[in-house]
$ cat work17.cif   # mmCIF, C-alpha atoms
data_upload
#
loop_
_atom_site.group_PDB
_atom_site.id
_atom_site.type_symbol
_atom_site.label_atom_id
_atom_site.label_comp_id
_atom_site.auth_asym_id
_atom_site.auth_seq_id
_atom_site.Cartn_x
_atom_site.Cartn_y
_atom_site.Cartn_z
ATOM 1 C CA MET A 1 115.130 -9.720 80.261
ATOM 2 C CA PHE A 2 112.408 -10.467 77.704
ATOM 3 C CA HIS A 3 109.710 -9.621 80.249
ATOM 4 C CA SER A 4 111.531 -6.431 81.253
ATOM 5 C CA TYR A 5 111.398 -5.148 77.660
ATOM 6 C CA LEU A 6 108.104 -6.760 76.654
ATOM 7 C CA GLY A 7 106.504 -3.401 75.793
ATOM 8 C CA GLU A 8 109.452 -2.252 73.685
ATOM 9 C CA ILE A 9 109.704 -5.594 71.832
ATOM 10 C CA ALA A 10 105.950 -5.550 71.152
ATOM 11 C CA ALA A 11 106.283 -1.997 69.801
ATOM 12 C CA LEU A 12 109.098 -3.027 67.440
ATOM 13 C CA VAL A 13 107.085 -5.940 66.056
ATOM 14 C CA THR A 14 104.128 -3.561 65.731
ATOM 15 C CA ALA A 15 106.233 -1.262 63.516
ATOM 16 C CA ILE A 16 107.083 -4.213 61.256
ATOM 17 C CA CYS A 17 103.389 -5.155 61.118
ATOM 18 C CA TRP A 18 102.430 -1.580 60.173
ATOM 19 C CA THR A 19 104.930 -1.663 57.345
ATOM 20 C CA ILE A 20 103.461 -4.853 55.884
ATOM 21 C CA THR A 21 99.859 -3.787 56.366
ATOM 22 C CA ALA A 22 100.396 -0.303 54.854
ATOM 23 C CA VAL A 23 101.815 -1.783 51.649
ATOM 24 C CA ALA A 24 99.065 -4.437 51.476
ATOM 25 C CA PHE A 25 96.224 -1.966 52.014
ATOM 26 C CA GLU A 26 97.675 0.519 49.520
ATOM 27 C CA SER A 27 97.642 -2.234 46.887
ATOM 28 C CA ALA A 28 94.079 -3.256 47.781
ATOM 29 C CA GLY A 29 92.772 0.303 48.037
ATOM 30 C CA LYS A 30 94.028 1.207 44.573
ATOM 31 C CA ARG A 31 92.062 -1.764 43.174
ATOM 32 C CA VAL A 32 88.727 -1.557 45.013
ATOM 33 C CA GLY A 33 88.595 1.682 47.017
ATOM 34 C CA SER A 34 89.497 2.527 50.604
ATOM 35 C CA ILE A 35 86.036 2.271 52.215
ATOM 36 C CA SER A 36 85.488 -1.289 50.980
ATOM 37 C CA VAL A 37 88.966 -2.295 52.136
ATOM 38 C CA ASN A 38 88.292 -0.872 55.593
ATOM 39 C CA LEU A 39 85.091 -2.830 56.228
ATOM 40 C CA ILE A 40 86.308 -6.137 54.777
ATOM 41 C CA ARG A 41 89.611 -6.056 56.688
ATOM 42 C CA LEU A 42 87.784 -5.300 59.952
ATOM 43 C CA VAL A 43 85.378 -8.217 59.484
ATOM 44 C CA MET A 44 88.337 -10.500 58.742
ATOM 45 C CA ALA A 45 90.190 -9.189 61.775
ATOM 46 C CA LEU A 46 87.154 -9.671 64.030
ATOM 47 C CA PHE A 47 86.899 -13.309 62.933
ATOM 48 C CA LEU A 48 90.611 -13.929 63.564
ATOM 49 C CA ILE A 49 90.718 -12.234 66.941
ATOM 50 C CA SER A 50 87.465 -13.826 68.106
ATOM 51 C CA ILE A 51 88.822 -17.325 67.397
ATOM 52 C CA PHE A 52 92.097 -16.388 69.099
ATOM 53 C CA ASN A 53 90.284 -15.100 72.208
ATOM 54 C CA LEU A 54 88.071 -18.194 72.318
ATOM 55 C CA PHE A 55 91.106 -20.474 72.542
ATOM 56 C CA THR A 56 93.221 -18.261 74.811
ATOM 57 C CA ARG A 57 90.563 -16.733 77.069
ATOM 58 C CA GLY A 58 87.605 -19.065 76.674
ATOM 59 C CA LEU A 59 85.433 -16.165 75.529
ATOM 60 C CA LEU A 60 84.308 -15.614 71.945
ATOM 61 C CA LEU A 61 83.331 -12.023 72.750
ATOM 62 C CA PRO A 62 84.706 -9.640 75.434
ATOM 63 C CA MET A 63 81.735 -10.052 77.755
ATOM 64 C CA ASP A 64 83.965 -9.767 80.837
ATOM 65 C CA ALA A 65 84.826 -6.113 80.096
ATOM 66 C CA SER A 66 83.332 -3.477 82.379
ATOM 67 C CA SER A 67 80.915 -0.864 81.054
ATOM 68 C CA SER A 68 83.631 1.776 81.492
ATOM 69 C CA THR A 69 86.088 -0.307 79.424
ATOM 70 C CA TRP A 70 83.479 -0.780 76.698
ATOM 71 C CA PHE A 71 82.687 2.953 76.684
ATOM 72 C CA TRP A 72 86.261 4.246 76.321
ATOM 73 C CA LEU A 73 87.400 1.519 73.914
ATOM 74 C CA PHE A 74 84.265 2.045 71.807
ATOM 75 C CA ILE A 75 85.162 5.729 71.526
ATOM 76 C CA SER A 76 88.771 4.757 70.770
ATOM 77 C CA GLY A 77 87.680 2.382 67.989
ATOM 78 C CA THR A 78 85.350 4.962 66.477
ATOM 79 C CA ILE A 79 87.987 7.708 66.459
ATOM 80 C CA GLY A 80 91.037 5.585 65.636
ATOM 81 C CA PHE A 81 89.620 3.034 63.209
ATOM 82 C CA VAL A 82 86.650 4.792 61.621
ATOM 83 C CA ILE A 83 87.721 8.438 61.416
ATOM 84 C CA GLY A 84 91.481 7.888 61.450
ATOM 85 C CA ASP A 85 91.646 4.926 59.070
ATOM 86 C CA LEU A 86 88.915 6.254 56.786
ATOM 87 C CA PHE A 87 91.156 9.191 55.917
ATOM 88 C CA LEU A 88 94.450 7.296 56.186
ATOM 89 C CA PHE A 89 93.380 4.626 53.686
ATOM 90 C CA GLN A 90 92.207 7.271 51.243
ATOM 91 C CA ALA A 91 95.607 8.919 51.668
ATOM 92 C CA PHE A 92 97.202 5.555 50.754
ATOM 93 C CA VAL A 93 95.351 5.743 47.429
ATOM 94 C CA LEU A 94 96.145 9.412 46.759
ATOM 95 C CA ILE A 95 99.772 9.765 47.899
ATOM 96 C CA GLY A 96 100.905 6.200 48.686
ATOM 97 C CA SER A 97 101.662 4.352 51.911
ATOM 98 C CA ARG A 98 105.257 5.627 52.192
ATOM 99 C CA LEU A 99 104.375 9.312 52.444
ATOM 100 C CA SER A 100 101.194 8.608 54.419
ATOM 101 C CA MET A 101 103.120 6.685 57.067
ATOM 102 C CA LEU A 102 105.735 9.450 57.237
ATOM 103 C CA ILE A 103 102.997 11.975 57.979
ATOM 104 C CA MET A 104 101.653 9.525 60.570
ATOM 105 C CA SER A 105 104.903 10.190 62.445
ATOM 106 C CA ALA A 106 103.089 13.305 63.665
ATOM 107 C CA VAL A 107 101.074 10.984 65.946
ATOM 108 C CA PRO A 108 103.574 11.092 68.882
ATOM 109 C CA PRO A 109 103.714 14.927 69.047
ATOM 110 C CA ILE A 110 99.926 15.084 68.772
ATOM 111 C CA THR A 111 99.650 12.412 71.485
ATOM 112 C CA ALA A 112 102.040 14.361 73.727
ATOM 113 C CA ILE A 113 100.054 17.588 73.276
ATOM 114 C CA THR A 114 96.794 15.720 73.909
ATOM 115 C CA GLY A 115 98.282 14.169 77.055
ATOM 116 C CA PHE A 116 99.364 17.649 78.209
ATOM 117 C CA ILE A 117 95.853 19.067 77.671
ATOM 118 C CA MET A 118 93.805 16.105 78.965
ATOM 119 C CA MET A 119 96.055 14.602 81.634
ATOM 120 C CA GLY A 120 98.457 17.391 82.533
ATOM 121 C CA GLU A 121 101.472 15.419 81.295
ATOM 122 C CA ARG A 122 104.672 17.475 81.191
ATOM 123 C CA ILE A 123 106.480 18.276 77.939
ATOM 124 C CA SER A 124 110.169 19.145 78.343
ATOM 125 C CA TRP A 125 112.139 21.633 76.242
ATOM 126 C CA LEU A 126 113.841 18.630 74.669
ATOM 127 C CA GLY A 127 110.388 17.332 73.793
ATOM 128 C CA ILE A 128 109.442 20.634 72.206
ATOM 129 C CA THR A 129 112.682 20.472 70.180
ATOM 130 C CA GLY A 130 111.647 16.974 69.094
ATOM 131 C CA MET A 131 108.268 18.280 67.921
ATOM 132 C CA VAL A 132 109.957 20.961 65.831
ATOM 133 C CA LEU A 133 112.315 18.382 64.288
ATOM 134 C CA THR A 134 109.441 15.999 63.555
ATOM 135 C CA VAL A 135 107.457 18.685 61.765
ATOM 136 C CA SER A 136 110.605 19.852 59.943
ATOM 137 C CA GLY A 137 111.341 16.338 58.677
ATOM 138 C CA ILE A 138 107.811 15.937 57.353
ATOM 139 C CA ALA A 139 107.913 19.429 55.804
ATOM 140 C CA LEU A 140 111.195 18.618 54.029
ATOM 141 C CA VAL A 141 109.405 15.787 52.209
ATOM 142 C CA ILE A 142 105.998 17.298 51.455
ATOM 143 C CA LEU A 143 107.118 20.847 50.576
ATOM 144 C CA THR A 144 109.126 21.955 47.568
ATOM 145 C CA ARG A 145 110.279 25.291 46.127
ATOM 146 C CA ASN A 146 109.208 26.367 42.665
ATOM 147 C CA PRO A 147 112.427 27.536 40.925
ATOM 148 C CA ASP A 148 110.483 29.940 38.681
ATOM 149 C CA SER A 149 108.547 31.825 41.358
ATOM 150 C CA ASN A 150 110.598 30.959 44.459
ATOM 151 C CA MET A 151 107.286 30.088 46.112
ATOM 152 C CA VAL A 152 107.001 27.088 48.419
ATOM 153 C CA GLY A 153 104.328 24.547 47.494
ATOM 154 C CA PHE A 154 103.374 20.957 48.082
ATOM 155 C CA SER A 155 105.272 18.242 46.227
ATOM 156 C CA TYR A 156 102.304 15.839 46.521
ATOM 157 C CA PRO A 157 98.497 16.229 46.155
ATOM 158 C CA VAL A 158 97.269 18.521 48.944
ATOM 159 C CA LYS A 159 94.114 16.492 49.461
ATOM 160 C CA GLY A 160 96.109 13.347 50.168
ATOM 161 C CA ILE A 161 98.397 15.191 52.609
ATOM 162 C CA ILE A 162 95.408 16.631 54.496
ATOM 163 C CA TYR A 163 93.793 13.191 54.667
ATOM 164 C CA ALA A 164 97.000 11.705 56.090
ATOM 165 C CA PHE A 165 97.153 14.411 58.767
ATOM 166 C CA ILE A 166 93.516 13.766 59.714
ATOM 167 C CA GLY A 167 94.423 10.082 59.920
ATOM 168 C CA ALA A 168 97.273 11.007 62.289
ATOM 169 C CA LEU A 169 94.879 12.971 64.485
ATOM 170 C CA GLY A 170 92.501 10.010 64.618
ATOM 171 C CA GLN A 171 95.272 7.595 65.549
ATOM 172 C CA ALA A 172 96.623 9.899 68.269
ATOM 173 C CA PHE A 173 93.271 10.449 69.952
ATOM 174 C CA GLY A 174 92.412 6.763 69.536
ATOM 175 C CA LEU A 175 95.637 5.826 71.367
ATOM 176 C CA VAL A 176 94.870 8.181 74.256
ATOM 177 C CA PHE A 177 91.346 6.796 74.689
ATOM 178 C CA SER A 178 92.698 3.234 74.469
ATOM 179 C CA LYS A 179 95.032 4.011 77.355
ATOM 180 C CA LEU A 180 92.133 5.454 79.347
ATOM 181 C CA GLY A 181 89.843 2.494 78.717
ATOM 182 C CA MET A 182 92.126 -0.529 78.759
ATOM 183 C CA GLY A 183 93.936 -0.329 82.087
ATOM 184 C CA SER A 184 94.992 -3.890 82.894
ATOM 185 C CA TYR A 185 92.401 -5.457 80.598
ATOM 186 C CA ASN A 186 93.487 -8.061 78.013
ATOM 187 C CA PRO A 187 94.883 -6.202 74.948
ATOM 188 C CA PHE A 188 93.464 -8.682 72.419
ATOM 189 C CA ALA A 189 89.993 -8.417 73.951
ATOM 190 C CA ALA A 190 90.396 -4.625 74.000
ATOM 191 C CA THR A 191 91.221 -4.705 70.288
ATOM 192 C CA GLN A 192 88.109 -6.806 69.718
ATOM 193 C CA ILE A 193 85.946 -4.069 71.273
ATOM 194 C CA ARG A 194 87.619 -1.424 69.116
ATOM 195 C CA ILE A 195 87.033 -3.525 65.976
ATOM 196 C CA ILE A 196 83.354 -4.057 66.852
ATOM 197 C CA ALA A 197 82.950 -0.290 67.233
ATOM 198 C CA ALA A 198 84.687 0.261 63.886
ATOM 199 C CA ILE A 199 82.518 -2.286 62.040
ATOM 200 C CA ILE A 200 79.398 -0.531 63.319
ATOM 201 C CA GLY A 201 80.841 2.830 62.292
ATOM 202 C CA PHE A 202 81.823 1.744 58.773
ATOM 203 C CA THR A 203 78.488 -0.003 58.275
ATOM 204 C CA LEU A 204 76.798 3.331 58.921
ATOM 205 C CA VAL A 205 79.237 5.185 56.631
ATOM 206 C CA ILE A 206 78.728 2.715 53.760
ATOM 207 C CA THR A 207 74.943 2.766 54.194
ATOM 208 C CA ILE A 208 74.806 6.562 54.197
ATOM 209 C CA THR A 209 77.117 6.870 51.176
ATOM 210 C CA LYS A 210 75.395 3.943 49.381
ATOM 211 C CA LYS A 211 78.667 2.072 48.767
ATOM 212 C CA TRP A 212 77.441 -1.493 49.322
ATOM 213 C CA ARG A 213 77.883 -2.381 45.634
ATOM 214 C CA SER A 214 81.546 -1.358 45.912
ATOM 215 C CA VAL A 215 81.917 -3.709 48.878
ATOM 216 C CA TYR A 216 80.384 -6.552 46.860
ATOM 217 C CA LEU A 217 82.721 -5.928 43.918
ATOM 218 C CA ALA A 218 85.678 -5.856 46.301
ATOM 219 C CA MET A 219 84.668 -9.220 47.776
ATOM 220 C CA ILE A 220 84.739 -10.928 44.383
ATOM 221 C CA ASP A 221 88.116 -9.423 43.441
ATOM 222 C CA THR A 222 90.477 -12.254 44.403
ATOM 223 C CA GLU A 223 93.632 -10.152 44.010
ATOM 224 C CA ALA A 224 92.269 -7.442 46.294
ATOM 225 C CA LEU A 225 91.115 -10.035 48.833
ATOM 226 C CA LYS A 226 94.627 -11.471 48.949
ATOM 227 C CA TYR A 227 96.071 -8.073 49.877
ATOM 228 C CA ILE A 228 93.259 -7.384 52.355
ATOM 229 C CA SER A 229 93.819 -10.767 54.041
ATOM 230 C CA VAL A 230 97.520 -10.065 54.533
ATOM 231 C CA GLY A 231 96.798 -6.550 55.779
ATOM 232 C CA SER A 232 94.070 -7.787 58.146
ATOM 233 C CA LEU A 233 96.365 -10.384 59.693
ATOM 234 C CA PHE A 234 99.240 -7.976 60.311
ATOM 235 C CA GLY A 235 97.145 -4.852 60.912
ATOM 236 C CA PRO A 236 94.007 -4.857 63.092
ATOM 237 C CA PHE A 237 94.733 -8.376 64.443
ATOM 238 C CA ILE A 238 98.453 -8.725 65.240
ATOM 239 C CA GLY A 239 99.589 -5.109 64.865
ATOM 240 C CA VAL A 240 96.882 -3.344 66.876
ATOM 241 C CA SER A 241 96.860 -6.010 69.591
ATOM 242 C CA LEU A 242 100.634 -5.863 69.995
ATOM 243 C CA GLY A 243 100.387 -2.069 70.017
ATOM 244 C CA LEU A 244 97.978 -2.224 72.955
ATOM 245 C CA LEU A 245 100.200 -4.804 74.650
ATOM 246 C CA ALA A 246 103.093 -2.379 74.175
ATOM 247 C CA VAL A 247 101.332 0.603 75.805
ATOM 248 C CA GLN A 248 100.297 -1.702 78.638
ATOM 249 C CA HIS A 249 103.927 -2.565 79.464
ATOM 250 C CA ALA A 250 105.785 0.581 78.384
ATOM 251 C CA PRO A 251 105.137 4.357 78.416
ATOM 252 C CA THR A 252 102.947 5.557 75.550
ATOM 253 C CA GLY A 253 105.697 7.897 74.352
ATOM 254 C CA ILE A 254 108.286 5.131 74.101
ATOM 255 C CA VAL A 255 105.824 2.966 72.180
ATOM 256 C CA SER A 256 104.991 5.817 69.803
ATOM 257 C CA THR A 257 108.688 6.450 69.219
ATOM 258 C CA ILE A 258 109.506 2.828 68.370
ATOM 259 C CA THR A 259 106.477 2.357 66.111
ATOM 260 C CA SER A 260 107.437 5.543 64.279
ATOM 261 C CA ILE A 261 110.285 3.749 62.495
ATOM 262 C CA THR A 262 107.687 2.490 59.994
ATOM 263 C CA PRO A 263 108.482 5.306 57.475
ATOM 264 C CA ILE A 264 112.094 4.076 57.453
ATOM 265 C CA LEU A 265 111.126 0.408 57.105
ATOM 266 C CA ILE A 266 108.701 1.129 54.279
ATOM 267 C CA ILE A 267 111.265 2.841 52.004
ATOM 268 C CA PRO A 268 112.893 -0.381 50.653
ATOM 269 C CA MET A 269 109.443 -1.965 50.200
ATOM 270 C CA SER A 270 108.305 1.042 48.156
ATOM 271 C CA ILE A 271 111.390 0.757 45.960
ATOM 272 C CA PHE A 272 111.215 -2.991 45.315
ATOM 273 C CA ILE A 273 107.427 -3.594 45.344
ATOM 274 C CA PHE A 274 105.957 -0.395 43.869
ATOM 275 C CA LYS A 275 109.102 0.531 41.903
ATOM 276 C CA GLU A 276 108.868 4.052 43.306
ATOM 277 C CA LYS A 277 111.698 6.515 42.925
ATOM 278 C CA VAL A 278 112.752 7.684 46.386
ATOM 279 C CA PHE A 279 114.621 11.001 46.515
ATOM 280 C CA LEU A 280 117.485 11.648 48.907
ATOM 281 C CA ARG A 281 115.598 14.476 50.632
ATOM 282 C CA GLU A 282 112.775 12.036 51.385
ATOM 283 C CA ILE A 283 115.170 9.632 53.102
ATOM 284 C CA ILE A 284 116.779 12.520 55.020
ATOM 285 C CA GLY A 285 113.315 13.832 55.948
ATOM 286 C CA ALA A 286 112.296 10.412 57.293
ATOM 287 C CA ILE A 287 115.494 10.191 59.391
ATOM 288 C CA ILE A 288 115.004 13.736 60.773
ATOM 289 C CA THR A 289 111.392 12.899 61.612
ATOM 290 C CA LEU A 290 112.423 9.744 63.453
ATOM 291 C CA GLY A 291 115.077 11.712 65.348
ATOM 292 C CA GLY A 292 112.490 14.289 66.342
ATOM 293 C CA VAL A 293 110.076 11.652 67.577
ATOM 294 C CA SER A 294 112.876 10.065 69.621
ATOM 295 C CA LEU A 295 113.803 13.389 71.252
ATOM 296 C CA LEU A 296 110.187 14.001 72.138
ATOM 297 C CA PHE A 297 110.176 11.254 74.734
ATOM 298 C CA ILE A 298 113.710 11.334 76.152
ATOM 299 C CA LYS A 299 113.440 11.882 79.891
#
$ encode --input "work17.cif" --output "structure tokens"
Amino acid sequence: MFHSYLGEIAALVTAICWTITAVAFESAGKRVGSISVNLIRLVMALFLISIFNLFTRGLLLPMDASSSTWFWLFISGTIGFVIGDLFLFQAFVLIGSRLSMLIMSAVPPITAITGFIMMGERISWLGITGMVLTVSGIALVILTRNPDSNMVGFSYPVKGIIYAFIGALGQAFGLVFSKLGMGSYNPFAATQIRIIAAIIGFTLVITITKKWRSVYLAMIDTEALKYISVGSLFGPFIGVSLGLLAVQHAPTGIVSTITSITPILIIPMSIFIFKEKVFLREIIGAIITLGGVSLLFIK
């Protein structure tokens, strides 16, 4: 039974990991900046996953991967980790992990549309209904009506919302390219390739933007390093690897649906850790979004 639902179980644990890592990286990003957090957590994750692969596979680096696997996973790492996480982590700082992860629930609809365009995957009318519900749930949270002018506006900083949506696009395309490149290849080794691509990408970004001093200051901030360490363990190491294991043993849509419960899981953490006030419409919006994501992939 465990083996029969391995993909679904891995996806559920992935959702829990995303919840922990989102809160940890929000805390770190507010202290030392999102770009520094991104590079440091990737280096930590590469160390952890390299040691893990050495003991489990006998290979410190994924030298057994084919050139095609390297190519597609390198693209996946660049799009998902560098572009996607660059904007997502900045969204953590601007609008918080709770709202950012809710907006990330747009990943499954984007993935479905991408699959339709790139692979000819069918989207049912029920799936289209799910897309509408997902967008409606997110809109219920991020939009508000001004009682004076009756105009609809954003209830959170627009810049942060846009960054979160760009992060969702990066994650969706990264997932599709991971599926293309991984095949039956080891998911932890596949994650290692994606992390290597991301480290190269962020090294270029930090060099171009001249942010190396910020990275140094982040590395001597013990409180920030504590949060980054926790986020690195549960994020790019355990979370991403289990996510790839999930898509290897279950349909991508099912995996996306299960991992989309993160916005629900993160609500109590936001209340008790960040002492945030969560409005009823935000809880309802998160539930509607989750319902929409679920409908999207019902066969």
$ closest_residue --input "work17.cif" --among "A:Pro187, A:Gly174, A:Gly201, A:Gly96" --to "Gly160 (chain A)" --atoms "only C-alpha atoms"
A:Gly96
$ residues_around --input "work17.cif" --residues "region 40-55 of chain A" --least-positions-apart "2" --cutoff "7 Å" --atoms "all atoms listed in the file" --output "list in words"
Ser36, Val37, Asn38, Arg57, Gly58, Leu59, Leu60, Leu61, Ala189, Gln192, Ile195, Ile199, Ile228, Ser229, Ser232, Leu233, Pro236 and Phe237 of chain A
$ residues_around --input "work17.cif" --residues "Ser105 (chain A)" --least-positions-apart "6" --cutoff "12 Å" --atoms "all atoms listed in the file" --output "PDB file with C-alpha atoms, in the frame of the given file"
ATOM      1  CA  ALA A  15     106.233  -1.262  63.516  1.00  0.00           C
ATOM      2  CA  ARG A  98     105.257   5.627  52.192  1.00  0.00           C
ATOM      3  CA  LEU A  99     104.375   9.312  52.444  1.00  0.00           C
ATOM      4  CA  THR A 111      99.650  12.412  71.485  1.00  0.00           C
ATOM      5  CA  GLY A 130     111.647  16.974  69.094  1.00  0.00           C
ATOM      6  CA  MET A 131     108.268  18.280  67.921  1.00  0.00           C
ATOM      7  CA  LEU A 133     112.315  18.382  64.288  1.00  0.00           C
ATOM      8  CA  THR A 134     109.441  15.999  63.555  1.00  0.00           C
ATOM      9  CA  VAL A 135     107.457  18.685  61.765  1.00  0.00           C
ATOM     10  CA  SER A 136     110.605  19.852  59.943  1.00  0.00           C
ATOM     11  CA  GLY A 137     111.341  16.338  58.677  1.00  0.00           C
ATOM     12  CA  ILE A 138     107.811  15.937  57.353  1.00  0.00           C
ATOM     13  CA  ALA A 139     107.913  19.429  55.804  1.00  0.00           C
ATOM     14  CA  ALA A 164      97.000  11.705  56.090  1.00  0.00           C
ATOM     15  CA  PHE A 165      97.153  14.411  58.767  1.00  0.00           C
ATOM     16  CA  GLY A 167      94.423  10.082  59.920  1.00  0.00           C
ATOM     17  CA  ALA A 168      97.273  11.007  62.289  1.00  0.00           C
ATOM     18  CA  LEU A 169      94.879  12.971  64.485  1.00  0.00           C
ATOM     19  CA  GLN A 171      95.272   7.595  65.549  1.00  0.00           C
ATOM     20  CA  ALA A 172      96.623   9.899  68.269  1.00  0.00           C
ATOM     21  CA  SER A 256     104.991   5.817  69.803  1.00  0.00           C
ATOM     22  CA  THR A 257     108.688   6.450  69.219  1.00  0.00           C
ATOM     23  CA  ILE A 258     109.506   2.828  68.370  1.00  0.00           C
ATOM     24  CA  THR A 259     106.477   2.357  66.111  1.00  0.00           C
ATOM     25  CA  SER A 260     107.437   5.543  64.279  1.00  0.00           C
ATOM     26  CA  ILE A 261     110.285   3.749  62.495  1.00  0.00           C
ATOM     27  CA  THR A 262     107.687   2.490  59.994  1.00  0.00           C
ATOM     28  CA  PRO A 263     108.482   5.306  57.475  1.00  0.00           C
ATOM     29  CA  ILE A 264     112.094   4.076  57.453  1.00  0.00           C
ATOM     30  CA  GLY A 285     113.315  13.832  55.948  1.00  0.00           C
ATOM     31  CA  ALA A 286     112.296  10.412  57.293  1.00  0.00           C
ATOM     32  CA  ILE A 287     115.494  10.191  59.391  1.00  0.00           C
ATOM     33  CA  ILE A 288     115.004  13.736  60.773  1.00  0.00           C
ATOM     34  CA  THR A 289     111.392  12.899  61.612  1.00  0.00           C
ATOM     35  CA  LEU A 290     112.423   9.744  63.453  1.00  0.00           C
ATOM     36  CA  GLY A 291     115.077  11.712  65.348  1.00  0.00           C
ATOM     37  CA  GLY A 292     112.490  14.289  66.342  1.00  0.00           C
ATOM     38  CA  VAL A 293     110.076  11.652  67.577  1.00  0.00           C
ATOM     39  CA  SER A 294     112.876  10.065  69.621  1.00  0.00           C
ATOM     40  CA  LEU A 296     110.187  14.001  72.138  1.00  0.00           C
TER      41      LEU A 296
END
$ atom_distance --input "work17.cif" --atom1 "CA of Met219 (chain A)" --atom2 "CA of Ala24 (chain A)"
15.6 Å
$ closest_residue --input "work17.cif" --among "A:Leu126, A:Met182, A:Val132, A:Ala198" --to "Ser68 (chain A)" --atoms "only C-alpha atoms"
A:Met182
$ closest_residue --input "work17.cif" --among "A:Ile20, A:Ala28, A:Leu140, A:Ala112" --to "Phe92 (chain A)" --atoms "only C-alpha atoms"
A:Ala28
$ atom_distance --input "work17.cif" --atom1 "CA of Trp70 (chain A)" --atom2 "CA of Asn186 (chain A)"
12.4 Å
$ atom_distance --input "work17.cif" --atom1 "CA of Phe74 (chain A)" --atom2 "CA of Ala197 (chain A)"
5.3 Å
$ closest_residue --input "work17.cif" --among "A:Ser178, A:Gln248, A:Thr222, A:Thr191" --to "Ser76 (chain A)" --atoms "all atoms listed in the file"
A:Ser178
$ closest_residue --input "work17.cif" --among "A:Ile128, A:Ala65, A:Lys226, A:Leu175" --to "Val255 (chain A)" --atoms "only C-alpha atoms"
A:Leu175
$ closest_residue --input "work17.cif" --among "A:Val230, A:Val176, A:Ala250, A:Val23" --to "Ile110 (chain A)" --atoms "all atoms listed in the file"
A:Val176
$ residues_around --input "work17.cif" --residues "Leu245 (chain A)" --least-positions-apart "6" --cutoff "9 Å" --atoms "all atoms listed in the file" --output "compact mmCIF listing (two decimals) with C-alpha atoms, in the frame of the given file"
# COMPACT_ATOMS: atom_id res chain seq x y z
CA LEU A 6 108.10 -6.76 76.65
CA GLY A 7 106.50 -3.40 75.79
CA ALA A 10 105.95 -5.55 71.15
CA ALA A 11 106.28 -2.00 69.80
CA ASN A 186 93.49 -8.06 78.01
CA PRO A 187 94.88 -6.20 74.95
CA PHE A 188 93.46 -8.68 72.42
